Structure formats: structure tokens, C-alpha cells
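Shown next: final.txt, containing compact mmCIF, C-alpha atoms and all ligand atoms.
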```
# COMPACT_ATOMS: atom_id res chain seq x y z
CA MET S 20 4.38 40.28 -67.62
CA THR S 21 1.54 39.83 -70.02
CA ASP S 22 -0.71 38.16 -67.48
CA ALA S 23 -0.15 40.68 -64.67
CA LEU S 24 -3.34 41.79 -62.95
CA SER S 25 -4.40 45.37 -63.62
CA LEU S 26 -6.89 47.95 -62.42
CA ALA S 27 -9.74 46.05 -64.15
CA TRP S 28 -8.96 43.01 -61.97
CA ALA S 29 -8.82 45.03 -58.74
CA ASP S 30 -12.13 46.71 -59.56
CA ALA S 31 -13.77 43.36 -60.40
CA TRP S 32 -12.31 41.77 -57.24
CA ILE S 33 -13.78 44.35 -54.90
CA ARG S 34 -17.17 44.30 -56.66
CA ASP S 35 -17.22 40.48 -56.50
CA ALA S 36 -16.24 40.61 -52.83
CA GLN S 37 -19.11 43.01 -52.13
CA ALA S 38 -21.59 40.69 -53.85
CA VAL S 39 -20.31 37.61 -52.02
CA LEU S 40 -20.27 39.33 -48.62
CA ALA S 41 -23.83 40.55 -49.22
CA GLU S 42 -24.86 37.02 -50.18
CA HIS S 43 -23.25 35.56 -47.03
CA ARG S 44 -24.30 38.38 -44.69
CA MET S 45 -26.61 36.16 -42.62
CA GLU S 46 -24.08 33.33 -42.41
CA LEU S 47 -21.41 35.73 -41.09
CA ILE S 48 -23.93 37.20 -38.64
CA ASP S 49 -24.76 33.70 -37.38
CA LEU S 50 -21.09 32.75 -37.01
CA ASP S 51 -20.45 35.96 -35.05
CA ARG S 52 -23.59 35.39 -32.96
CA ALA S 53 -22.16 32.04 -31.85
CA ILE S 54 -18.85 33.42 -30.55
CA GLY S 55 -19.18 37.22 -30.67
CA ASP S 56 -21.80 39.95 -30.89
CA GLY S 57 -23.35 39.11 -34.26
CA ASP S 58 -22.28 42.22 -36.15
CA HIS S 59 -19.62 40.83 -38.51
CA GLY S 60 -21.94 40.13 -41.45
CA GLU S 61 -23.51 43.56 -41.15
CA ASN S 62 -20.10 45.26 -40.76
CA MET S 63 -18.66 43.64 -43.86
CA ASP S 64 -21.80 44.10 -45.97
CA ARG S 65 -22.09 47.78 -45.08
CA GLY S 66 -18.36 48.38 -45.48
CA PHE S 67 -18.03 46.83 -48.94
CA LYS S 68 -21.23 48.51 -50.18
CA ALA S 69 -19.65 51.83 -49.17
CA VAL S 70 -16.43 50.86 -50.98
CA VAL S 71 -18.31 50.07 -54.20
CA ALA S 72 -20.16 53.41 -53.97
CA LYS S 73 -16.73 55.11 -53.79
CA LEU S 74 -15.44 53.05 -56.73
CA ASP S 75 -18.46 54.19 -58.74
CA GLU S 76 -17.32 57.79 -58.24
CA GLY S 77 -14.26 56.94 -60.39
CA GLY S 78 -10.86 58.63 -60.34
CA ILE S 79 -8.85 55.55 -59.35
CA ASP S 80 -6.10 54.62 -61.80
CA ASP S 81 -4.22 51.64 -60.47
CA VAL S 82 -4.47 48.53 -58.27
CA ALA S 83 -2.85 50.29 -55.30
CA GLY S 84 -5.42 53.07 -55.61
CA VAL S 85 -8.27 50.57 -55.33
CA LEU S 86 -6.69 48.91 -52.27
CA LYS S 87 -6.13 52.31 -50.64
CA LEU S 88 -9.77 53.27 -51.27
CA VAL S 89 -10.90 50.00 -49.66
CA ALA S 90 -8.66 50.73 -46.67
CA SER S 91 -9.85 54.27 -46.01
CA THR S 92 -13.51 53.39 -46.53
CA LEU S 93 -13.45 50.33 -44.25
CA MET S 94 -11.60 52.30 -41.56
CA SER S 95 -14.19 55.07 -41.59
CA LYS S 96 -17.37 53.03 -42.18
CA VAL S 97 -16.83 49.76 -40.32
CA GLY S 98 -16.85 49.58 -36.57
CA GLY S 99 -15.84 46.66 -34.40
CA ALA S 100 -12.53 44.87 -34.67
CA ALA S 101 -12.86 44.03 -38.35
CA GLY S 102 -12.96 47.63 -39.69
CA PRO S 103 -9.53 48.66 -38.43
CA LEU S 104 -8.08 45.17 -39.06
CA TYR S 105 -9.20 44.97 -42.69
CA GLY S 106 -8.50 48.69 -43.11
CA THR S 107 -4.88 48.21 -42.03
CA ALA S 108 -4.65 45.05 -44.15
CA PHE S 109 -5.71 46.83 -47.34
CA LEU S 110 -3.55 49.87 -46.56
CA ARG S 111 -0.41 47.73 -46.13
CA ALA S 112 -1.37 45.71 -49.21
CA SER S 113 -1.65 48.93 -51.24
CA LYS S 114 1.83 49.98 -50.14
CA ALA S 115 3.31 46.56 -50.92
CA ILE S 116 2.61 46.68 -54.67
CA GLU S 117 3.22 49.02 -57.58
CA GLY S 118 1.59 49.02 -61.00
CA ASP S 119 0.14 45.76 -62.30
CA VAL S 120 0.42 42.67 -60.11
CA ASP S 121 2.35 39.56 -61.20
CA ALA S 122 2.59 36.36 -59.11
CA ASN S 123 5.24 37.88 -56.84
CA GLY S 124 3.01 40.94 -56.53
CA VAL S 125 0.17 38.70 -55.34
CA VAL S 126 2.53 37.37 -52.66
CA ALA S 127 3.55 40.91 -51.68
CA LEU S 128 -0.09 42.02 -51.51
CA ILE S 129 -1.08 39.12 -49.22
CA GLU S 130 2.05 39.52 -47.11
CA GLY S 131 1.29 43.23 -46.70
CA ALA S 132 -2.28 42.45 -45.64
CA LEU S 133 -1.19 39.85 -43.08
CA ASP S 134 1.55 42.14 -41.70
CA GLY S 135 -1.06 44.89 -41.28
CA ILE S 136 -3.46 42.59 -39.43
CA VAL S 137 -0.72 41.33 -37.12
CA ALA S 138 0.58 44.86 -36.48
CA ARG S 139 -2.92 45.97 -35.57
CA GLY S 140 -4.31 42.94 -33.71
CA LYS S 141 -1.19 41.24 -32.34
CA ALA S 142 -2.62 37.78 -32.98
CA THR S 143 -0.57 34.82 -34.07
CA THR S 144 -1.76 31.58 -35.70
CA GLY S 145 -3.93 29.25 -33.63
CA GLU S 146 -5.78 32.06 -31.81
CA LYS S 147 -8.96 31.61 -33.90
CA THR S 148 -8.85 34.85 -35.87
CA MET S 149 -8.56 35.97 -39.49
CA VAL S 150 -4.79 35.42 -39.10
CA ASP S 151 -5.58 31.69 -39.36
CA ALA S 152 -6.87 32.27 -42.89
CA TRP S 153 -4.33 34.87 -44.10
CA THR S 154 -1.28 32.90 -42.90
CA PRO S 155 -1.91 29.69 -44.91
CA ALA S 156 -3.00 31.90 -47.83
CA LEU S 157 0.41 33.58 -47.80
CA GLU S 158 2.24 30.27 -47.56
CA ALA S 159 0.27 28.82 -50.48
CA ALA S 160 0.80 31.98 -52.56
CA LYS S 161 4.55 31.87 -51.92
CA ALA S 162 4.73 28.24 -53.01
CA ALA S 163 2.65 28.87 -56.15
CA ALA S 164 4.68 31.93 -57.18
CA ALA S 165 7.96 30.07 -56.57
CA ALA S 166 6.66 27.25 -58.80
CA GLY S 167 6.11 29.74 -61.63
CA GLU S 168 2.31 29.81 -61.46
CA THR S 169 0.30 32.66 -63.00
CA PRO S 170 -1.09 35.42 -60.76
CA ALA S 171 -4.56 33.89 -61.13
CA ALA S 172 -3.32 30.43 -60.07
CA THR S 173 -1.36 32.01 -57.22
CA LEU S 174 -4.55 33.68 -55.99
CA ARG S 175 -6.51 30.44 -56.40
CA ALA S 176 -3.95 28.60 -54.24
CA ALA S 177 -4.18 31.37 -51.63
CA ALA S 178 -7.99 31.35 -51.65
CA ASP S 179 -8.19 27.56 -51.27
CA ALA S 180 -5.70 27.67 -48.39
CA ALA S 181 -7.67 30.48 -46.72
CA ALA S 182 -10.88 28.42 -46.94
CA LYS S 183 -9.13 25.43 -45.35
CA GLY S 184 -7.62 27.73 -42.71
CA ALA S 185 -11.06 29.15 -41.89
CA GLU S 186 -12.49 25.64 -41.48
CA ALA S 187 -9.54 24.68 -39.30
CA THR S 188 -10.54 27.41 -36.80
CA ILE S 189 -13.56 25.30 -35.72
CA PRO S 190 -11.75 23.19 -33.06
CA LEU S 191 -9.65 26.13 -31.84
CA GLN S 192 -10.23 28.10 -28.65
CA ALA S 193 -10.21 31.87 -29.22
CA THR S 194 -7.53 33.76 -27.34
CA LYS S 195 -7.87 37.13 -29.13
CA GLY S 196 -10.82 39.40 -29.80
CA ARG S 197 -14.34 39.24 -28.46
CA ALA S 198 -14.60 35.46 -28.91
CA SER S 199 -11.83 35.00 -26.31
CA TYR S 200 -14.31 36.12 -23.61
CA LEU S 201 -16.09 32.79 -24.18
CA GLY S 202 -13.03 30.73 -23.27
CA GLU S 203 -13.63 27.05 -24.00
CA ARG S 204 -17.15 27.80 -25.24
CA SER S 205 -15.58 29.33 -28.38
CA ILE S 206 -14.51 25.81 -29.41
CA GLY S 207 -16.65 24.17 -32.11
CA HIS S 208 -17.49 27.30 -34.16
CA GLN S 209 -15.85 28.68 -37.28
CA ASP S 210 -14.30 32.12 -36.86
CA PRO S 211 -16.30 34.83 -38.69
CA GLY S 212 -13.27 36.94 -39.68
CA ALA S 213 -11.39 33.93 -41.06
CA THR S 214 -14.55 33.09 -43.01
CA SER S 215 -14.91 36.58 -44.51
CA THR S 216 -11.19 36.47 -45.40
CA ALA S 217 -11.77 33.24 -47.34
CA TYR S 218 -14.67 34.87 -49.24
CA ILE S 219 -12.61 37.97 -50.05
CA LEU S 220 -9.64 35.95 -51.35
CA ASN S 221 -11.97 33.66 -53.30
CA ALA S 222 -13.41 36.76 -54.98
CA ALA S 223 -9.85 37.86 -55.85
CA ALA S 224 -9.17 34.50 -57.51
CA ASP S 225 -12.51 34.46 -59.34
CA ALA S 226 -11.88 37.96 -60.68
CA ALA S 227 -8.35 37.01 -61.81
CA GLU S 228 -9.67 33.95 -63.65
CA ALA S 229 -12.31 36.11 -65.38
CA VAL S 230 -10.03 38.91 -66.70
P1 LIG Y 1 -16.08 42.71 -33.15
O1 LIG Y 1 -15.36 41.51 -32.60
O2 LIG Y 1 -15.56 43.99 -32.59
O3 LIG Y 1 -17.57 42.59 -33.05
P2 LIG Y 1 -16.24 41.86 -35.90
O4 LIG Y 1 -17.35 40.99 -35.43
O5 LIG Y 1 -16.53 42.69 -37.08
O6 LIG Y 1 -15.71 42.76 -34.72
O7 LIG Y 1 -14.99 40.96 -36.27
C1 LIG Y 1 -14.67 39.82 -35.53
C2 LIG Y 1 -13.48 39.15 -36.20
O8 LIG Y 1 -12.32 39.95 -36.07
C3 LIG Y 1 -13.11 37.83 -35.55
O9 LIG Y 1 -13.87 36.78 -36.11
C4 LIG Y 1 -11.64 37.69 -35.85
O10 LIG Y 1 -11.40 37.01 -37.07
C5 LIG Y 1 -11.18 39.12 -36.01
N1 LIG Y 1 -10.35 39.55 -34.90
C6 LIG Y 1 -10.74 39.98 -33.68
N2 LIG Y 1 -9.68 40.32 -32.93
C7 LIG Y 1 -8.58 40.08 -33.71
C8 LIG Y 1 -7.15 40.26 -33.53
N3 LIG Y 1 -6.65 40.73 -32.38
N4 LIG Y 1 -6.34 39.91 -34.56
C9 LIG Y 1 -6.85 39.43 -35.71
N5 LIG Y 1 -8.16 39.27 -35.94
C10 LIG Y 1 -9.02 39.59 -34.97
MG MG Y 2 -18.65 41.11 -33.93
```
Mind turning the file's structure into C-alpha cells?
Ligand code: ADP
Ligand code: MG
Amino acid sequence: MTDALSLAWADAWIRDAQAVLAEHRMELIDLDRAIGDGDHGENMDRGFKAVVAKLDEGGIDDVAGVLKLVASTLMSKVGGAAGPLYGTAFLRASKAIEGDVDANGVVALIEGALDGIVARGKATTGEKTMVDAWTPALEAAKAAAAAGETPAATLRAAADAAAKGAEATIPLQATKGRASYLGERSIGHQDPGATSTAYILNAAADAAEAV
């Protein structure tokens, strides 16, 4: 697979994700203020800055190694629900792939991430969580890979579906996580974790298009 995504892509993805999460820190804080405790933007910004500091130390030699580093760093540095959820997601993603990542590898990576989130948080679709972004992302990635798309196009399809999925959380009532305490008052706001998922997958697609 000449166009398989390598270590350079994974490194660029995580650095792009860090920059985008830093840029959208206030937006994620505001979204979490509306239906949670307002820490999501800070959690994600701090977590990904710590990940990039670890990447700068070097010593990682493949995509799975990058994903594993993200997992362990987010688990240890990020509190709240999102730290363990994203930590488990990246850990399962790292175990789901080997070597460079072709279109089917992109599917496996996203499937691993979603499986990890569901194993950890026990949410299903329609509960106004990050699952509502990862699930359509996986479906779109599967369709793109089956149609013979490149890894970059597969990631782009996943990222676009995640963004739509995040937007589609607005009319939903939260039934998992902190936002569920609000009951019907959670309706009318976009879920912060679904939003950060869309940014992270968009960064993955951007990085794939750039390498
Ligand atoms: P906390 O809710 O502990 O303050 P964060 O604010 O960092 O943690 O993250 C909140 C996000 O975590 C929510 O927007 C939602 O997407 C996600 N989340 C919360 N509980 C679950 C769950 N059980 N399954 C999946 N995602 C969840
Ligand atoms: Mg919060």
C-alpha cells in the first residue's frame, strides 16, 4: 500500500489535534458549561499539550506507538469522564492496527476507539455523548474503505460524519454522563465530547491530506 499512513501522519495528526483543541478551548468550555461543569475544553487542551510534550521526547517508532502514548498520557493527565474515555479509545485503537495504516486500518482504528468508549462508558447512540460522533464516523469510514477510497479520503468521510453527528446531538436529551443530571434542560445544546471528537477526527483527515 503506497498510500498507507505512517508514523509521520500519526505524529502530525496528534500535533494538529493539539493545536485545534487549544484553538477551540473556550468553545468546548462554553459547551460544557451549558450542560456540564465547564471543564472539557481545559481537560482536552491540557491533555493534548501533555501528549505533544511526550512526543517531543521521541522514541516512538510506529503509529500504534503514538496512539498508545496518547492513551497513557490522557489517562494520567486528564480528569473527568473524557480522560478515561479517550484514554481507552486510543488504547483500543493502538491495539487494532499494526504498522502503516491503509483504508481498512483506518476503519479498524476508529472501530477500536468506539469499542473502547462503549466498553468504558456503556453509552449507545442517541444518549448525547461522544458515541454520537464516533458511530457515524465508523459507518462512513466503512463505506469509504469498501468503495476503495484512500486512507485520507476514508478519514475525511469519517471526520465529516463525526461533525454531522456532533451537530445532531443538539436536539437530544442526555441520558449518560454529567449532562444527564439536567434531564430535559440538556436539550438544545451540542455535546462537548462529540464536538471534541469531530475536531480530533478532522485533524486526522487534515494530516492525512498533508502527508
Ligand atoms: P466530565 O463530564 O466528568 O466533566 P468532560 O467534561 O471532560 O468530563 O467530558 C464530558 C463529555 O464526556 C461529554 O460531553 C460526553 O461526550 C462524554 N461522556 C460522558 N459520559 C459518557 C459515557 N458514559 N459514554 C460516552 N461518553 C461520555
Ligand atoms: Mg465536564
May I ask you to write as a compact mmCIF listing (two decimals) with C-alpha atoms, in the frame of the given file all residues lying at most 10 Å from ligand MG 2 (chain Y), with only C-alpha atoms and all ligand atoms counted?
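Full text of result-v1.txt as output:
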```txt
# COMPACT_ATOMS: atom_id res chain seq x y z
CA LEU S 47 -21.41 35.73 -41.09
CA ILE S 48 -23.93 37.20 -38.64
CA LEU S 50 -21.09 32.75 -37.01
CA ASP S 51 -20.45 35.96 -35.05
CA ARG S 52 -23.59 35.39 -32.96
CA ALA S 53 -22.16 32.04 -31.85
CA ILE S 54 -18.85 33.42 -30.55
CA GLY S 55 -19.18 37.22 -30.67
CA ASP S 56 -21.80 39.95 -30.89
CA GLY S 57 -23.35 39.11 -34.26
CA ASP S 58 -22.28 42.22 -36.15
CA HIS S 59 -19.62 40.83 -38.51
CA GLY S 60 -21.94 40.13 -41.45
CA GLU S 61 -23.51 43.56 -41.15
CA ASN S 62 -20.10 45.26 -40.76
CA GLY S 98 -16.85 49.58 -36.57
CA GLY S 99 -15.84 46.66 -34.40
CA ALA S 100 -12.53 44.87 -34.67
CA ALA S 101 -12.86 44.03 -38.35
CA GLY S 196 -10.82 39.40 -29.80
CA ARG S 197 -14.34 39.24 -28.46
CA ALA S 198 -14.60 35.46 -28.91
CA PRO S 211 -16.30 34.83 -38.69
CA GLY S 212 -13.27 36.94 -39.68
```
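The nearest approach to ligand LIG 1 (chain Y) among the residues S:Arg44, S:Lys87, S:Lys114, S:Arg175, with only C-alpha atoms and all ligand atoms taken into account, belongs to S:Arg44.
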Next item on the list: Pick out the closest residue to Ala180 in chain S from this set: S:Gly66, S:Ala217, S:Glu146, S:Ala193. Count all atoms listed in the file.
Entry: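 Nearest candidate to Ala180 in chain S out of S:Gly66, S:Ala217, S:Glu146, S:Ala193: S:Ala217.
Ranking S:Gln37, S:Thr107, S:Thr154, S:Thr194 by their shortest atom-to-atom distance to Ala138 in chain S, with only C-alpha atoms included, puts S:Thr107 first.
Remark: for Ala72 in chain S, the closest of the candidate residues S:Asp225, S:Ala182, S:Asp30, S:Leu110 is S:Asp30 (distances computed over only C-alpha atoms).
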Next item on the list: Could you tell me how far CA of Tyr105 in chain S lies from CA of Met149 in chain S, in Å and to one decimal?
Entry: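 Here the two named atoms are 9.6 Å from each other.
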Note to self: So the first atom is atom O6 of ligand LIG 1 (chain Y) and the second is CA of Gly84 in chain S; what is the distance between them in Å, to one decimal place?
What the structure shows: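 Computed distance, atom O6 of ligand LIG 1 (chain Y) to CA of Gly84 in chain S, equals 25.5 Å.
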Check: Quick one: of S:Gly145, S:Gly207, S:Gly202, S:Gly118, who's nearest to Val82 in chain S, counting all atoms listed in the file?
Finding: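 The answer is S:Gly118, which sits nearest to Val82 in chain S.
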Notebook entry, point to check: With all atoms listed in the file as the atoms that count, which of S:Ser113, S:Thr92, S:Thr173, S:Ser205 lies nearest to ligand LIG 1 (chain Y)?
Noted result: S:Ser205
Item checked: Atomic distance CA of Lys147 in chain S - CA of Glu46 in chain S, expressed in Å with one decimal ->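 Atom-to-atom, CA of Lys147 in chain S to CA of Glu46 in chain S, that is 17.4 Å.
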Next item on the list: Counting all atoms listed in the file, find the residues whose atoms lie at most 12 Å from (-16.2, 44.5, -61.1) (file coordinates) and write them out as a list of chain:residue names.
Entry: S:Leu26, S:Ala27, S:Trp28, S:Ala29, S:Asp30, S:Ala31, S:Trp32, S:Ile33, S:Arg34, S:Asp35, S:Ala36, S:Gln37, S:Ala38, S:Val70, S:Val71, S:Leu74, S:Asp75, S:Val85, S:Ala222, S:Ala223, S:Asp225, S:Ala226, S:Ala227, S:Ala229, S:Val230
Centre and edges of the ligand LIG 1 (chain Y) box, axis-aligned, 8 Å extra per side, as lines of an AutoDock Vina configuration file:
```
center_x = -12.0
center_y = 40.4
center_z = -34.7
size_x = 27.2
size_y = 23.2
size_z = 20.7
```
Note to self: Applying 9 Å and only C-alpha atoms, which residues near Leu133 in chain S remain after dropping the ones on its own chain fewer than 5 positions away? List them as a list in words.
What the structure shows: Ala108, Arg111, Ala112, Leu128, Ala138, Val150, Trp153, Thr154 and Leu157 of chain S
Completion of range 35-46 of chain S up to all heavy atoms, as a compact mmCIF listing (two decimals), keeping the file's coordinate frame:
```txt
# COMPACT_ATOMS: atom_id res chain seq x y z
N ASP S 35 -16.87 41.88 -56.79
CA ASP S 35 -17.22 40.48 -56.50
C ASP S 35 -17.28 40.24 -54.99
O ASP S 35 -18.18 39.56 -54.48
CB ASP S 35 -16.17 39.51 -57.08
CG ASP S 35 -16.33 39.28 -58.57
OD1 ASP S 35 -17.11 39.99 -59.21
OD2 ASP S 35 -15.63 38.38 -59.10
N ALA S 36 -16.29 40.78 -54.28
CA ALA S 36 -16.24 40.61 -52.83
C ALA S 36 -17.49 41.21 -52.19
O ALA S 36 -18.10 40.60 -51.30
CB ALA S 36 -14.98 41.26 -52.26
N GLN S 37 -17.89 42.37 -52.67
CA GLN S 37 -19.11 43.01 -52.13
C GLN S 37 -20.33 42.11 -52.34
O GLN S 37 -21.12 41.91 -51.41
CB GLN S 37 -19.30 44.39 -52.81
CG GLN S 37 -20.47 45.20 -52.27
CD GLN S 37 -21.78 44.86 -52.97
OE1 GLN S 37 -21.83 44.77 -54.19
NE2 GLN S 37 -22.83 44.64 -52.19
N ALA S 38 -20.44 41.55 -53.55
CA ALA S 38 -21.59 40.69 -53.85
C ALA S 38 -21.59 39.44 -52.97
O ALA S 38 -22.64 39.04 -52.44
CB ALA S 38 -21.57 40.31 -55.34
N VAL S 39 -20.41 38.85 -52.81
CA VAL S 39 -20.31 37.61 -52.02
C VAL S 39 -20.56 37.89 -50.53
O VAL S 39 -21.23 37.10 -49.85
CB VAL S 39 -18.93 36.95 -52.25
CG1 VAL S 39 -18.69 35.83 -51.27
CG2 VAL S 39 -18.83 36.43 -53.69
N LEU S 40 -20.05 39.00 -50.04
CA LEU S 40 -20.27 39.33 -48.62
C LEU S 40 -21.74 39.66 -48.37
O LEU S 40 -22.28 39.32 -47.31
CB LEU S 40 -19.35 40.48 -48.19
CG LEU S 40 -17.86 40.11 -48.13
CD1 LEU S 40 -16.99 41.36 -48.01
CD2 LEU S 40 -17.56 39.14 -46.99
N ALA S 41 -22.39 40.28 -49.35
CA ALA S 41 -23.83 40.55 -49.22
C ALA S 41 -24.60 39.24 -49.19
O ALA S 41 -25.51 39.04 -48.37
CB ALA S 41 -24.31 41.44 -50.37
N GLU S 42 -24.19 38.32 -50.08
CA GLU S 42 -24.86 37.02 -50.18
C GLU S 42 -24.70 36.22 -48.87
O GLU S 42 -25.61 35.51 -48.46
CB GLU S 42 -24.22 36.26 -51.35
CG GLU S 42 -24.88 34.99 -51.78
CD GLU S 42 -24.02 34.24 -52.80
OE1 GLU S 42 -23.30 34.90 -53.58
OE2 GLU S 42 -24.04 33.00 -52.78
N HIS S 43 -23.53 36.35 -48.24
CA HIS S 43 -23.25 35.56 -47.03
C HIS S 43 -23.41 36.37 -45.74
O HIS S 43 -22.93 35.96 -44.69
CB HIS S 43 -21.84 34.97 -47.12
CG HIS S 43 -21.71 33.93 -48.19
ND1 HIS S 43 -22.07 32.62 -48.00
CD2 HIS S 43 -21.32 34.03 -49.48
CE1 HIS S 43 -21.89 31.95 -49.12
NE2 HIS S 43 -21.44 32.79 -50.04
N ARG S 44 -24.11 37.49 -45.84
CA ARG S 44 -24.30 38.38 -44.69
C ARG S 44 -24.88 37.63 -43.48
O ARG S 44 -24.35 37.70 -42.37
CB ARG S 44 -25.23 39.53 -45.12
CG ARG S 44 -25.55 40.51 -44.04
CD ARG S 44 -26.41 41.64 -44.62
NE ARG S 44 -27.01 42.40 -43.56
CZ ARG S 44 -28.11 42.03 -42.91
NH1 ARG S 44 -28.76 40.92 -43.26
NH2 ARG S 44 -28.58 42.76 -41.93
N MET S 45 -25.95 36.87 -43.72
CA MET S 45 -26.61 36.16 -42.62
C MET S 45 -25.72 35.07 -42.03
O MET S 45 -25.69 34.89 -40.81
CB MET S 45 -27.92 35.52 -43.13
CG MET S 45 -29.21 36.04 -42.59
SD MET S 45 -29.20 37.30 -41.32
CE MET S 45 -29.23 36.29 -39.85
N GLU S 46 -25.00 34.38 -42.88
CA GLU S 46 -24.08 33.33 -42.41
C GLU S 46 -23.01 33.94 -41.49
O GLU S 46 -22.71 33.39 -40.42
CB GLU S 46 -23.42 32.65 -43.61
CG GLU S 46 -22.45 31.55 -43.22
CD GLU S 46 -21.45 31.23 -44.33
OE1 GLU S 46 -21.73 31.49 -45.52
OE2 GLU S 46 -20.37 30.73 -43.99
```
